[in-house]
Amino acid sequence: MHISRRDFLRYCGISAAALGLTGTDLMKLGELLASTSGPQVLWLVGSSCTGCSVSFLNYISTTSPTSAADILVNKINLTYHPSLMATAGQDAAAIAEKAAVSGGYILVVEGGVPTAFGGGACIAWTYNGKDVTFQDAVKRLASKASKIICIGNCSAYGGVPAAYPNETGVKSVAAVTGKTTINIAGCPPHPDWFVWAVVQLLLNKPFSLDSSGRPAALFGKSVHDMCPRKGTDERKNYGVEGGCLKELGCRGPQTRANCPAVKWNNKISWCIDANVPCIGCTSPDFPRTPLMKVGEGSGSENDD
Amino acid sequence: MANKIVIDPVTRLEGHLKVEVSVDLKGGSQQVIDAKVSGTLYRGFEKLLVGRHPLDSQHVTQRICGVCPVSHSLAAVMALDKAFGVGVPDNARIMRNLVLGSNYIQSHVLHFYHLTLPDFVKGPNMPPWQPSWATDRRFDAGATTTLVNNYLKALDIRRKAHEMGAIFGGRMPHPPTYLPGGFTEVPSSAQISKFKTYLSEIINFINTVYLPDIEKIAALYSDYYQIGTGPKNLLAYGVFDLDAAGKTRLLKRGMAMNGSPSIQPVDVSYISEHVKYSWYADGTDGLNPDAGVTTAQYPKTGAYSWLKAPRYLGNAVEVGPLARMWVNGDYRRGISALDRHRARAYETKKVATAMQTWVNQIVVGKPVFNQFSIPPVAEATGLTEAPRGALGHWVEINGGKLSRYQIITPTCWNASPRDKTGMLGPIEQALIGTPVENVNEPVEVMRVIHSFDPCLSCAVHVVSLNEGTQWVVSESCPL
């Protein structure tokens with residue numbers, strides 16, 4: 001392996017401020033990483049597009065070579081992830097089923113929980129010859145989890161598959177389990193948001209959640225509050241560089257996320273930087289309609 | 001006495017797939033004699049787009065698949081371009097191709113290294129790479145170390161492919177920049193230069209790491225040229241428009257039956273779909289996709305999948321990189337599990353190389369968007385290719401709103417169950433005859449399934465919307 005625990009610590013040293021870590025936290029993290037193989041994490045995927053996992057794999061720090069591989073190798077013990085794990089079938093199902101008995105893991109849920117058809121619209125796995133619905137798996141694993149992270153709007157709020165008319169009865173993890181979940185909102189969430197939450201849990205640092213279950217430290221301000229285009233000339237149509245996108249339906253004022261600060265894909269760009277109005281993908285009501293408006297001179301009406 | 005093996009979950013793919021195979025001695029060797037492939041997730045987002053603003057469609061349909069969202073974006077805006085009767089400026093066409101190409105690269109690299117390679121080599125000594133199946137590992141310790149290091153390097157490269165795509169795409173996955181009539185990003189010289197820097201590093205990886213690694217597998221596992229053949233019928237819609245009218249493409253449209261080098265035109269009226277073994281009511285079996293509605297029926301006796309069984313002239317059909325490269329005349333060595341991997345790798349090189357040309361064709365300062373108006377009534381189709389095969393969006397607009405939306409995804413073809421005649425789906429056919437050394441670790445079955453790069457997120461998240469309120473439950477594989 002080329003990636004060591006030291007690399008991860010170096011990353012944390014470099015970007016400690018970004019993660020909100022103090023010197024004491026770093027020492028604690030160092031001890032933790034030196035002494036254990038990291039906490040067990042089970043990552044379940046339900047009614048989802050796998051985009052949250054893909055976004056997680058895009059994780060990188062601007063000033064360090066550290067990437068998602070660092071997290072997997074050095075920070076957590078990811079015993080179950082259907083798209084990444086090597087084993088399969090009964091051997092894979094057994095890992096989750098045994099954990100569900102022993103407990104004490106961090107549960108990450110990607111995707112909503114279909115409740116129609118007796119849960120039969122999503123089968124998590126077959127165990128000892130019996131189909132286990134995703135609904136059943138989430139309920140049992142949530143009850144023994146030390147913490148539950150919902151990655152993405154589908155597990156946090158129902159998201160796209162739960163949008164009207166929601167034929168498969170998709171519900172959020174909190175609605176199905178009655179548990180408090182840490183909601184890393186977004187469709188998909190920025191990888192930094194997820195990693196931030198994992199680091200806080202590792203350090204056992206308490207943090208507050210807003211009324212939608214999102215960490216207040218990440219989702220405290222609106223996109224509009226931080227937008228570099230705030231107060232600039234309003235654009236009336238597409239195909240033009242720069243300007244405020246309010247007239248094109250931008251949801252920045254209603255959407256809580258720090259996208260203008262973190263940007264996306266190694267700070268390459270982000271939606272508004274690419275002249276797209278914010279579509280509000282960290283809001284519990286995503287995907288509301290219309291997601292964007294037609295421009296001036298289109299001859300078409302806009303909805304509100 | 002045949003052994004029945006159930007693999008559920010089939011890991012290292014997108015979505016939920018279950019496979020059940022019967023294994024028995026035949027001609028002195030233990031092999032698969034029967035197979036059932038099941039899609040075990042149904043995401044009924046069917047009515048979701050009806051009544052919505054047409055500009056919602058590229059955003060919403062991307063959420064069908066987080067691995068190939070760009071293809072859904074493109075199919076959606078291609079359909080709307082036609083529905084609105086609006087042309088696309090060259091700069092926008094090129095940026096659409098460049099972001100799509102970036103995602104092809106990340107998808108193919110992810111598929112080979114992170115979804116497939118653990119079928120052949122032992123990964124790092126920790127979860128999620130352990131536990132793992134040790135059966136039929138042929139690489140020595142030195143080669144294994146190299147491949148595992150390349151697995152990690154490939155994590156970086158696929159991330160960088162996404163960063164490259166985000167230069168014009170805004171963010172990845174789920175880039176928001178595709179728009180009917182063009183594209184939202186306005187390209188600058190600095191962006192073009194940055195794109196080239198990324199592309200150059202990625203092409204170097206493809207040439208010096210990815211292609212050699214594929215050939216290492218091919219050399220050591222050459223028996224997989226005879227394993228996983230399937231129906232040998234190959235379909236491609238074509239992708240990467242090279243002119244404004246969409247007359248020429250980097251990868252052509254066409255169809256090859258029974259492994260023929262002769263390429264036929266594609267005619268969608270030859271498509272029918274079957275539900276005898278799917279969790280839908282039997283009334284609509286064998287109909288053309290335009291006909292009828294489908295009603296979910298779960299449970300249902302004899303059924304084993306949320307996917308329907310599309311057939312072309314009654315034949316099971318394979319889609320994907322091998323089909324594209326075959327139809328285009330770029331790859332004709334054969335049809336097998338190994339050929340699928342090689343065709344995918346050589347397609348990665350072909351697309352990346354073409355992207356070097358395209359990025360130089362952007363003219364800074366030229367338009368990226370043509371104004372459109374939304375007609376009260378319209379109907380159009382967007383046919384393209386996702387990394388894993390042919391993808392089509394069928395759109396209808398009424399009263400200025402989406403009134404019908406239908407999507408046909410690649411994995412609907414590849415992972416389809418039996419049809420009403422009992423004919424097996426492509427992956428099922430490919431599994432028959434696959435040797436199984438150890439019934440407790442049927443890694444050979446995993447290898448054949450993975451060669452198709454199935455995406456069950458796509459297959460079961462398809463949208464099929466009929467106008468009106470009588471519509472009950474949509475088709476899972478609408479065609």
# chains A, B, ... in the order shown; residues from 1 in each chain; ligands from 1

$ select_by_dssp --residues "segment 100-298 of chain A" --states "strand (DSSP E or B)" --output "VMD selection string"
chain A and resid 105 to 110 112 to 114 122 to 127 130 to 133 145 to 151 170 to 171 182 to 184 209 215 222 234 244 256 264 269

$ interface_residues --of "chain B" --to "chain A" --cutoff "6 Å" --atoms "only C-alpha atoms" --output "ChimeraX atom specification"
/B:7-13,40-42,44-45,48,53,56,63-66,118,127-129,132,159,163,170-171,184-186,368-369,372-374,457

$ closest_residue --among "B:Lys36, B:Arg43, B:His114, B:His274" --to "Val6 of chain B" --atoms "only C-alpha atoms"
B:Lys36

$ select_by_dssp --residues "segment 199-425 of chain B" --states "helix (DSSP H, G or I)" --output "PyMOL selection string"
chain B and resi 199-220+222-225+268-270+282-284+321-327+337-361+410-414
